[in-house]
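Q: Data file upload-v9.pdb (PDB, C-alpha atoms) is appended below.
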ATOM      1  CA  MET A1012     -32.301  39.961   4.618
ATOM      2  CA  SER A1013     -29.136  39.231   6.620
ATOM      3  CA  GLN A1014     -29.224  37.590  10.047
ATOM      4  CA  GLN A1015     -27.941  40.838  11.561
ATOM      5  CA  GLN A1016     -30.820  42.817   9.992
ATOM      6  CA  GLN A1017     -33.373  40.261  11.190
ATOM      7  CA  GLN A1018     -32.001  40.528  14.734
ATOM      8  CA  GLN A1019     -32.111  44.325  14.544
ATOM      9  CA  ILE A1020     -35.811  44.253  13.628
ATOM     10  CA  LYS A1021     -36.571  41.611  16.265
ATOM     11  CA  SER A1022     -35.096  43.780  19.039
ATOM     12  CA  TYR A1023     -36.711  46.995  17.751
ATOM     13  CA  ASP A1024     -39.364  48.480  20.078
ATOM     14  CA  GLY A1025     -40.709  51.303  17.912
ATOM     15  CA  ARG A1026     -39.840  54.658  16.429
ATOM     16  CA  ILE A1027     -38.420  57.551  18.405
ATOM     17  CA  PRO A1028     -40.306  60.854  17.862
ATOM     18  CA  PRO A1029     -38.452  63.447  15.748
ATOM     19  CA  THR A1030     -36.384  65.898  17.781
ATOM     20  CA  ASP A1031     -36.792  68.826  15.380
ATOM     21  CA  PRO A1032     -39.982  68.332  13.322
ATOM     22  CA  LYS A1033     -40.584  70.785  10.486
ATOM     23  CA  TYR A1034     -44.005  72.443  10.412
ATOM     24  CA  GLU A1035     -45.302  74.501   7.498
ATOM     25  CA  THR A1036     -48.105  77.040   7.278
ATOM     26  CA  ILE A1037     -49.996  76.280   4.052
ATOM     27  CA  TYR A1038     -52.831  78.798   4.421
ATOM     28  CA  LEU A1039     -53.603  81.677   6.793
ATOM     29  CA  ASP A1040     -56.342  84.282   7.144
ATOM     30  CA  LYS A1041     -58.194  85.962  10.032
ATOM     31  CA  GLU A1042     -60.383  82.913  10.652
ATOM     32  CA  TYR A1043     -58.344  79.868   9.707
ATOM     33  CA  ILE A1044     -54.882  78.420   9.443
ATOM     34  CA  VAL A1045     -53.932  75.200   7.667
ATOM     35  CA  VAL A1046     -50.730  73.533   8.875
ATOM     36  CA  ASN A1047     -48.702  70.759   7.284
ATOM     37  CA  LYS A1048     -48.124  68.564  10.343
ATOM     38  CA  PRO A1049     -44.965  66.419  10.482
ATOM     39  CA  PHE A1050     -45.297  62.689  11.103
ATOM     40  CA  ASP A1051     -45.015  61.322  14.666
ATOM     41  CA  VAL A1052     -46.156  64.609  16.192
ATOM     42  CA  ASN A1053     -49.238  65.288  18.322
ATOM     43  CA  ILE A1054     -51.612  68.070  17.431
ATOM     44  CA  ASP A1055     -52.164  69.098  21.076
ATOM     45  CA  ASP A1056     -50.933  68.368  24.582
ATOM     46  CA  GLU A1057     -53.505  68.149  27.360
ATOM     47  CA  ASN A1058     -50.944  67.304  30.040
ATOM     48  CA  GLY A1059     -48.303  69.841  29.026
ATOM     49  CA  GLU A1060     -45.620  67.160  28.690
ATOM     50  CA  ARG A1061     -44.805  67.343  24.978
ATOM     51  CA  SER A1062     -42.099  69.629  23.672
ATOM     52  CA  THR A1063     -43.639  70.088  20.238
ATOM     53  CA  THR A1064     -47.251  70.050  19.002
ATOM     54  CA  VAL A1065     -49.298  71.781  16.318
ATOM     55  CA  VAL A1066     -50.789  74.037  19.014
ATOM     56  CA  LYS A1067     -47.348  75.096  20.248
ATOM     57  CA  TYR A1068     -46.184  75.741  16.683
ATOM     58  CA  ILE A1069     -49.157  78.027  15.950
ATOM     59  CA  GLU A1070     -48.986  79.903  19.262
ATOM     60  CA  THR A1071     -45.244  80.429  18.857
ATOM     61  CA  GLU A1072     -45.410  81.605  15.235
ATOM     62  CA  TYR A1073     -48.596  83.650  15.791
ATOM     63  CA  PRO A1074     -48.584  84.756  19.457
ATOM     64  CA  GLU A1075     -51.634  86.949  18.883
ATOM     65  CA  GLN A1076     -53.634  83.690  18.623
ATOM     66  CA  LEU A1077     -52.554  82.365  22.011
ATOM     67  CA  GLY A1078     -55.531  80.527  23.496
ATOM     68  CA  ASN A1079     -57.566  80.758  20.280
ATOM     69  CA  VAL A1080     -56.521  77.487  18.630
ATOM     70  CA  ARG A1081     -59.523  75.268  17.830
ATOM     71  CA  PHE A1082     -59.124  72.169  15.662
ATOM     72  CA  VAL A1083     -61.560  71.703  12.794
ATOM     73  CA  ASN A1084     -60.155  68.315  11.753
ATOM     74  CA  ARG A1085     -57.627  65.941  13.257
ATOM     75  CA  ILE A1086     -55.191  63.416  11.817
ATOM     76  CA  ASP A1087     -53.361  60.616  13.575
ATOM     77  CA  TYR A1088     -50.094  61.125  15.437
ATOM     78  CA  ALA A1089     -48.198  59.042  12.852
ATOM     79  CA  THR A1090     -49.867  60.686   9.840
ATOM     80  CA  SER A1091     -48.410  63.806   8.246
ATOM     81  CA  GLY A1092     -50.171  66.517   6.316
ATOM     82  CA  LEU A1093     -52.986  69.037   6.399
ATOM     83  CA  VAL A1094     -54.663  70.073   9.655
ATOM     84  CA  VAL A1095     -57.273  72.866   9.735
ATOM     85  CA  VAL A1096     -57.453  75.178  12.748
ATOM     86  CA  SER A1097     -59.902  77.996  13.471
ATOM     87  CA  PHE A1098     -59.389  81.073  15.631
ATOM     88  CA  ASN A1099     -62.962  81.515  16.923
ATOM     89  CA  LYS A1100     -65.983  79.412  17.892
ATOM     90  CA  LYS A1101     -68.270  80.503  15.065
ATOM     91  CA  SER A1102     -65.719  79.735  12.362
ATOM     92  CA  THR A1103     -64.978  76.391  13.990
ATOM     93  CA  THR A1104     -68.661  75.417  13.912
ATOM     94  CA  VAL A1105     -69.068  76.442  10.262
ATOM     95  CA  ALA A1106     -66.031  74.461   9.106
ATOM     96  CA  MET A1107     -66.805  71.394  11.222
ATOM     97  CA  GLU A1108     -70.303  71.269   9.730
ATOM     98  CA  LEU A1109     -68.710  70.895   6.292
ATOM     99  CA  PHE A1110     -66.796  67.847   7.501
ATOM    100  CA  GLN A1111     -69.831  66.379   9.261
ATOM    101  CA  SER A1112     -72.040  66.818   6.185
ATOM    102  CA  ARG A1113     -69.277  65.294   4.017
ATOM    103  CA  GLU A1114     -69.066  68.342   1.779
ATOM    104  CA  THR A1115     -65.293  68.570   2.107
ATOM    105  CA  SER A1116     -62.969  66.933  -0.404
ATOM    106  CA  LYS A1117     -60.055  65.037   1.166
ATOM    107  CA  THR A1118     -57.176  63.354  -0.657
ATOM    108  CA  TYR A1119     -54.491  61.295   1.051
ATOM    109  CA  LEU A1120     -51.352  59.635  -0.262
ATOM    110  CA  ALA A1121     -50.131  56.280   1.019
ATOM    111  CA  ILE A1122     -47.443  53.711   0.334
ATOM    112  CA  VAL A1123     -48.811  50.231   0.994
ATOM    113  CA  HIS A1124     -47.319  46.756   1.110
ATOM    114  CA  GLY A1125     -47.681  44.655  -2.035
ATOM    115  CA  HIS A1126     -48.899  45.371  -5.539
ATOM    116  CA  MET A1127     -52.608  46.189  -5.587
ATOM    117  CA  GLU A1128     -54.442  44.305  -8.303
ATOM    118  CA  LEU A1129     -57.090  46.878  -9.244
ATOM    119  CA  ASP A1130     -56.245  50.356 -10.530
ATOM    120  CA  GLU A1131     -59.130  51.887  -8.593
ATOM    121  CA  SER A1132     -61.978  50.706  -6.416
ATOM    122  CA  ILE A1133     -64.063  51.403  -3.317
ATOM    123  CA  ILE A1134     -63.619  49.814   0.093
ATOM    124  CA  ASP A1135     -67.041  49.802   1.734
ATOM    125  CA  LYS A1136     -66.703  48.181   5.171
ATOM    126  CA  PRO A1137     -68.089  49.238   8.554
ATOM    127  CA  ILE A1138     -65.609  50.025  11.337
ATOM    128  CA  GLN A1139     -65.874  49.481  15.088
ATOM    129  CA  TYR A1140     -63.587  49.584  18.123
ATOM    130  CA  ASP A1141     -61.374  46.527  18.524
ATOM    131  CA  THR A1142     -62.424  45.315  21.971
ATOM    132  CA  SER A1143     -59.512  42.864  22.085
ATOM    133  CA  ASP A1144     -57.145  45.840  22.392
ATOM    134  CA  GLU A1145     -56.525  46.473  26.114
ATOM    135  CA  ASN A1146     -55.638  50.106  25.414
ATOM    136  CA  SER A1147     -58.892  50.790  23.510
ATOM    137  CA  PHE A1148     -56.816  52.362  20.739
ATOM    138  CA  LYS A1149     -57.247  50.089  17.733
ATOM    139  CA  MET A1150     -60.157  49.770  15.330
ATOM    140  CA  ARG A1151     -61.332  46.872  13.170
ATOM    141  CA  VAL A1152     -63.542  46.330  10.143
ATOM    142  CA  VAL A1153     -66.654  44.198  10.213
ATOM    143  CA  GLU A1154     -67.075  41.999   7.161
ATOM    144  CA  GLY A1155     -70.609  41.311   5.946
ATOM    145  CA  ASN A1156     -72.531  39.999   2.985
ATOM    146  CA  ASN A1157     -74.333  43.299   2.417
ATOM    147  CA  ASN A1158     -71.199  45.394   1.886
ATOM    148  CA  ASN A1159     -69.728  46.264  -1.497
ATOM    149  CA  ASN A1160     -66.364  45.001  -0.279
ATOM    150  CA  ASN A1161     -63.221  44.960  -2.316
ATOM    151  CA  ASN A1162     -61.392  41.775  -1.340
ATOM    152  CA  ASN A1163     -58.303  42.737  -3.245
ATOM    153  CA  ASN A1164     -55.759  40.241  -1.957
ATOM    154  CA  ASN A1165     -52.915  38.935  -4.040
ATOM    155  CA  ASN A1166     -50.020  36.581  -3.534
ATOM    156  CA  ASN A1167     -47.355  39.208  -4.109
ATOM    157  CA  ASN A1168     -48.023  41.104  -0.888
ATOM    158  CA  ASN A1169     -45.292  39.620   1.310
ATOM    159  CA  ASN A1170     -47.592  40.348   4.266
ATOM    160  CA  ASP A1171     -47.016  37.244   6.399
ATOM    161  CA  GLN A1172     -46.204  39.371   9.451
ATOM    162  CA  LEU A1173     -49.126  41.780   9.067
ATOM    163  CA  LYS A1174     -51.802  41.782  11.753
ATOM    164  CA  THR A1175     -55.177  40.807  10.297
ATOM    165  CA  THR A1176     -58.391  42.602  11.191
ATOM    166  CA  THR A1177     -60.827  40.892  13.537
ATOM    167  CA  THR A1178     -64.375  40.803  12.203
ATOM    168  CA  VAL A1179     -66.855  40.623  15.058
ATOM    169  CA  LYS A1180     -70.406  42.019  15.214
ATOM    170  CA  ASP A1181     -71.305  43.412  18.631
ATOM    171  CA  LYS A1182     -74.475  45.332  19.544
ATOM    172  CA  SER A1183     -72.684  47.080  22.407
ATOM    173  CA  ASN A1184     -69.974  48.232  20.007
ATOM    174  CA  PRO A1185     -71.846  49.190  16.828
ATOM    175  CA  ALA A1186     -69.964  49.286  13.563
ATOM    176  CA  LYS A1187     -70.277  52.565  11.668
ATOM    177  CA  PRO A1188     -70.602  52.686   7.872
ATOM    178  CA  SER A1189     -67.261  53.631   6.332
ATOM    179  CA  GLN A1190     -66.223  54.129   2.743
ATOM    180  CA  THR A1191     -62.872  54.800   1.089
ATOM    181  CA  SER A1192     -62.185  55.162  -2.633
ATOM    182  CA  TYR A1193     -58.683  54.662  -3.963
ATOM    183  CA  LYS A1194     -56.713  55.098  -7.175
ATOM    184  CA  VAL A1195     -53.322  53.505  -7.826
ATOM    185  CA  LEU A1196     -50.537  55.880  -8.858
ATOM    186  CA  GLU A1197     -47.611  53.485  -9.081
ATOM    187  CA  ARG A1198     -46.606  49.868  -8.470
ATOM    188  CA  SER A1199     -42.926  49.500  -7.746
ATOM    189  CA  TYR A1200     -40.287  48.416  -5.218
ATOM    190  CA  LEU A1201     -39.166  50.442  -2.221
ATOM    191  CA  LYS A1202     -35.590  50.360  -0.987
ATOM    192  CA  ILE A1203     -35.646  49.942   2.801
ATOM    193  CA  ASN A1204     -31.969  49.251   3.434
ATOM    194  CA  ASN A1205     -28.743  48.722   1.503
ATOM    195  CA  ASP A1206     -29.719  45.434  -0.099
ATOM    196  CA  GLN A1207     -33.469  44.958   0.245
ATOM    197  CA  TYR A1208     -36.412  46.107  -1.848
ATOM    198  CA  ILE A1209     -40.041  45.368  -1.018
ATOM    199  CA  PRO A1210     -43.049  45.452  -3.390
ATOM    200  CA  ILE A1211     -45.197  48.522  -2.767
ATOM    201  CA  THR A1212     -48.060  50.484  -4.290
ATOM    202  CA  LYS A1213     -48.394  54.247  -4.140
ATOM    203  CA  VAL A1214     -52.060  55.117  -3.928
ATOM    204  CA  MET A1215     -54.370  58.116  -3.656
ATOM    205  CA  LEU A1216     -57.111  57.705  -1.047
ATOM    206  CA  PHE A1217     -60.445  59.518  -0.937
ATOM    207  CA  PRO A1218     -62.229  58.919   2.385
ATOM    208  CA  LYS A1219     -65.979  59.492   2.092
ATOM    209  CA  THR A1220     -66.422  59.100   5.844
ATOM    210  CA  GLY A1221     -64.064  60.098   8.637
ATOM    211  CA  ARG A1222     -63.818  57.199  11.061
ATOM    212  CA  ARG A1223     -60.935  56.703  13.449
ATOM    213  CA  HIS A1224     -58.061  54.873  11.670
ATOM    214  CA  GLN A1225     -60.365  54.386   8.674
ATOM    215  CA  LEU A1226     -57.731  54.406   5.940
ATOM    216  CA  ARG A1227     -55.391  52.197   7.925
ATOM    217  CA  VAL A1228     -57.864  49.415   8.705
ATOM    218  CA  HIS A1229     -59.557  49.582   5.312
ATOM    219  CA  LEU A1230     -56.257  49.026   3.523
ATOM    220  CA  LEU A1231     -55.290  46.306   5.982
ATOM    221  CA  SER A1232     -58.600  44.555   5.355
ATOM    222  CA  ILE A1233     -57.792  44.101   1.661
ATOM    223  CA  GLY A1234     -54.279  42.798   2.357
ATOM    224  CA  HIS A1235     -52.316  46.017   1.823
ATOM    225  CA  ALA A1236     -51.287  47.524   5.158
ATOM    226  CA  ILE A1237     -49.603  50.922   5.064
ATOM    227  CA  VAL A1238     -45.819  50.706   5.141
ATOM    228  CA  GLY A1239     -44.537  51.784   8.556
ATOM    229  CA  ASP A1240     -47.881  51.396  10.349
ATOM    230  CA  GLU A1241     -46.656  49.938  13.623
ATOM    231  CA  THR A1242     -50.169  49.636  15.066
ATOM    232  CA  TYR A1243     -51.612  47.393  12.366
ATOM    233  CA  GLY A1244     -48.418  46.079  10.782
ATOM    234  CA  PRO A1245     -45.000  44.839  11.863
ATOM    235  CA  LYS A1246     -42.521  47.010  13.749
ATOM    236  CA  ASP A1247     -39.630  47.541  11.361
ATOM    237  CA  SER A1248     -36.531  49.566  12.153
ATOM    238  CA  THR A1249     -35.745  49.945   8.433
ATOM    239  CA  VAL A1250     -38.794  52.210   7.905
ATOM    240  CA  ASP A1251     -38.605  55.686   9.455
ATOM    241  CA  ARG A1252     -42.306  56.633   9.370
ATOM    242  CA  MET A1253     -45.863  55.537   8.643
ATOM    243  CA  MET A1254     -46.371  56.348   4.979
ATOM    244  CA  LEU A1255     -49.757  58.062   5.135
ATOM    245  CA  HIS A1256     -50.083  61.749   4.256
ATOM    246  CA  SER A1257     -53.022  64.180   4.156
ATOM    247  CA  TRP A1258     -52.241  65.783   0.800
ATOM    248  CA  LYS A1259     -55.151  67.877  -0.503
ATOM    249  CA  LEU A1260     -58.188  69.451   1.108
ATOM    250  CA  ILE A1261     -61.111  71.574  -0.087
ATOM    251  CA  LEU A1262     -63.569  73.320   2.254
ATOM    252  CA  PRO A1263     -66.424  74.697   0.105
ATOM    253  CA  PHE A1264     -67.787  77.454   2.330
ATOM    254  CA  LYS A1265     -71.164  78.940   1.430
ATOM    255  CA  HIS A1266     -70.659  82.512   2.688
ATOM    256  CA  ARG A1267     -66.955  83.116   2.225
ATOM    257  CA  SER A1268     -64.148  82.074  -0.124
ATOM    258  CA  HIS A1269     -63.337  78.398  -0.273
ATOM    259  CA  ILE A1270     -60.178  76.963   1.214
ATOM    260  CA  ASN A1271     -58.465  74.812  -1.421
ATOM    261  CA  VAL A1272     -55.027  73.666  -0.289
ATOM    262  CA  GLU A1273     -52.330  71.170  -1.194
ATOM    263  CA  CYS A1274     -48.985  70.411   0.428
ATOM    264  CA  ASN A1275     -45.870  68.679  -0.853
ATOM    265  CA  ASP A1276     -45.745  64.939  -1.480
ATOM    266  CA  PRO A1277     -43.213  63.627   1.098
ATOM    267  CA  PHE A1278     -42.851  60.292  -0.692
ATOM    268  CA  LEU A1279     -41.079  61.763  -3.713
ATOM    269  CA  LYS A1280     -37.877  61.480  -1.671
ATOM    270  CA  LEU A1281     -38.107  57.698  -1.402
ATOM    271  CA  THR A1282     -35.784  55.430  -3.360
ATOM    272  CA  ILE A1283     -38.183  53.541  -5.624
ATOM    273  CA  SER A1284     -37.422  51.212  -8.532
ATOM    274  CA  GLN A1285     -39.789  49.800 -11.151
ATOM    275  CA  THR A1286     -37.973  46.475 -10.922
ATOM    276  CA  ILE A1287     -35.839  44.839  -8.259
ATOM    277  CA  PRO A1288     -32.255  45.934  -9.052
ATOM    278  CA  GLN A1289     -29.756  43.172  -9.675
ATOM    279  CA  GLN A1290     -27.264  42.813  -6.823
TER     280      GLN A1290
END
Before we go any further, please render this structure as structure tokens.

A:
Amino acid sequence: MSQQQQQQIKSYDGRIPPTDPKYETIYLDKEYIVVNKPFDVNIDDENGERSTTVVKYIETEYPEQLGNVRFVNRIDYATSGLVVVSFNKKSTTVAMELFQSRETSKTYLAIVHGHMELDESIIDKPIQYDTSDENSFKMRVVEGNNNNNNNNNNNNNNNDQLKTTTTVKDKSNPAKPSQTSYKVLERSYLKINNDQYIPITKVMLFPKTGRRHQLRVHLLSIGHAIVGDETYGPKDSTVDRMMLHSWKLILPFKHRSHINVECNDPFLKLTISQTIPQQ
């Protein structure tokens, strides 16, 4: 990396939200709508200060549902992909119970730093609030001898700048059981500017639980932070987004037709090479 590029990253304060984010309606019926949320966009706006949110998209495209938007699931601001919304209280309760009972099937895509050693495994580590974070925003894993942990670290991660998880047990801040399965799709090199490639792994993620920032801190805990995650990894002006995407979702309703949806893979547009190209 050139000295100019290093200086650019050093002076970088974080991403600017998109000015014209592209939403997409993936599924719609009288009870539910599933929206493909763009990255770096909020789902709602309690203070009325944001120009674009999932709520505003739905109420603009479907004005007959003004005031009826109720979220069944939520994904992080920086994450893109599938968000389920209901149009009435009863339908909201029914769908949320599927998530709470872990009957839903959720599949995410991520691009992570480094080449993961195992083709597939399970990360089984409890998660709690990170009390060292003054903003009470971050989470952390708690390591323990009783967990079926995947300590999948390897020397090809190039993760010197990545923030490590703190592992503290605290009775006033109980850690909740959390489990994520993953399957590697591709190990390659991602082009992040004109002359630099970094080792990355493209991976499918299957969260069994739904803790706050679960996928992000689980991957960080095994040495493979998500590319572009500016909360748990380095701020980097050469990466335009956090590379985590809610890709597929199945809601197996008992008394109506299932919702089985999939949206496009946004990472197909990336410039990826199987080897580092010769300069």

Q: From the list A:Val1095, A:Val1238, A:Ile1122, A:Ile1233, which residue is nearest A:Thr1212 when using all atoms listed in the file?

A: A:Ile1122

Q: Would you mind reading off the distance between atom CA of A:Met1215 and atom CA of A:Glu1108, one decimal, in Å?

A: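 So the two atoms, atom CA of A:Met1215 and atom CA of A:Glu1108, lie 24.6 Å apart.
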
Q: Could you tell me which residues the PyMOL selection byres ((chain A and resi 1120) around 9) returns for this structure, as a list in words?

A: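 On this input, the PyMOL selection byres ((chain A and resi 1120) around 9) captures Thr1118, Tyr1119, Ala1121, Ile1122, Lys1213, Val1214, Met1215, Leu1216, Met1254, Leu1255, His1256, Ser1257, Trp1258, Asp1276 and Phe1278 of chain A.
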
Q: Compute the distance from (-41.7, 70.1, 19.3) to each atom, counting all atoms listed in the file, keep the residues with any atom at most 12 Å away, and return them as number ranges by chain; use the coordinates of the file.

A: A: 1028-1034, 1048-1056, 1059-1069, 1071

Q: What does the structure give for the distance between atom CA of A:Ser1232 and atom CA of A:Asn1146, in Å to one decimal?

A: 21.0 Å

Q: Have a look at A:Ser1143, A:Asn1047, A:Gln1190, A:Asn1204 and name the one nearest to A:Asp1247; count all atoms listed in the file.

A: A:Asn1204

Q: Where does the PyMOL selection byres ((chain A and resi 1106) around 12) land in this file, that is, which residues does it pick, as a PyMOL selection string?

A: chain A and resi 1042-1044+1081-1084+1095-1105+1107-1115+1261-1267+1269-1270

Q: Of the residues A:Leu1231, A:Ile1283, A:Leu1039, A:Ala1186, which is the one nearest to A:Thr1142, using all atoms listed in the file?

A: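 Among the listed residues, A:Ala1186 lies closest to A:Thr1142.
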
Q: In file coordinates, which residues lie within 8 Å of (-54.5, 56.9, -11.6) using all atoms listed in the file, given as a list in words?

A: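 The requested residues, written out, are Asp1130, Glu1131, Lys1194, Val1195 and Leu1196 of chain A.
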
Q: Starting from the displayed file, determine the output of the PyMOL selection byres ((chain A and resi 1140) around 9) and express the residue list as a list of chain:residue names.

A: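 Applied to this file, the PyMOL selection byres ((chain A and resi 1140) around 9) returns A:Ile1138, A:Gln1139, A:Asp1141, A:Thr1142, A:Ser1143, A:Asp1144, A:Ser1147, A:Phe1148, A:Lys1149, A:Met1150, A:Arg1151, A:Val1152, A:Asn1184, A:Pro1185, A:Ala1186, A:Arg1223.
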
Q: Hey, which of A:Ile1086, A:Gly1239, A:Tyr1200, A:Gln1076 ends up closest to A:Met1253? Count all atoms listed in the file.

A: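 Using all atoms listed in the file, the shortest distance to A:Met1253 belongs to A:Gly1239.
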
Q: Atom CA of A:Asp1087 to atom CA of A:Gly1125: how many Å, to one decimal?

A: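 Separation between atom CA of A:Asp1087 and atom CA of A:Gly1125: 23.0 Å.
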
Q: Need to verify the contact set: A:Ile1287, 10 Å, all atoms listed in the file, exclusion of same-chain residues closer than 2 positions in sequence. Can you return it as a PyMOL selection string?

A: chain A and resi 1199-1202+1207-1210+1283-1285+1289-1290
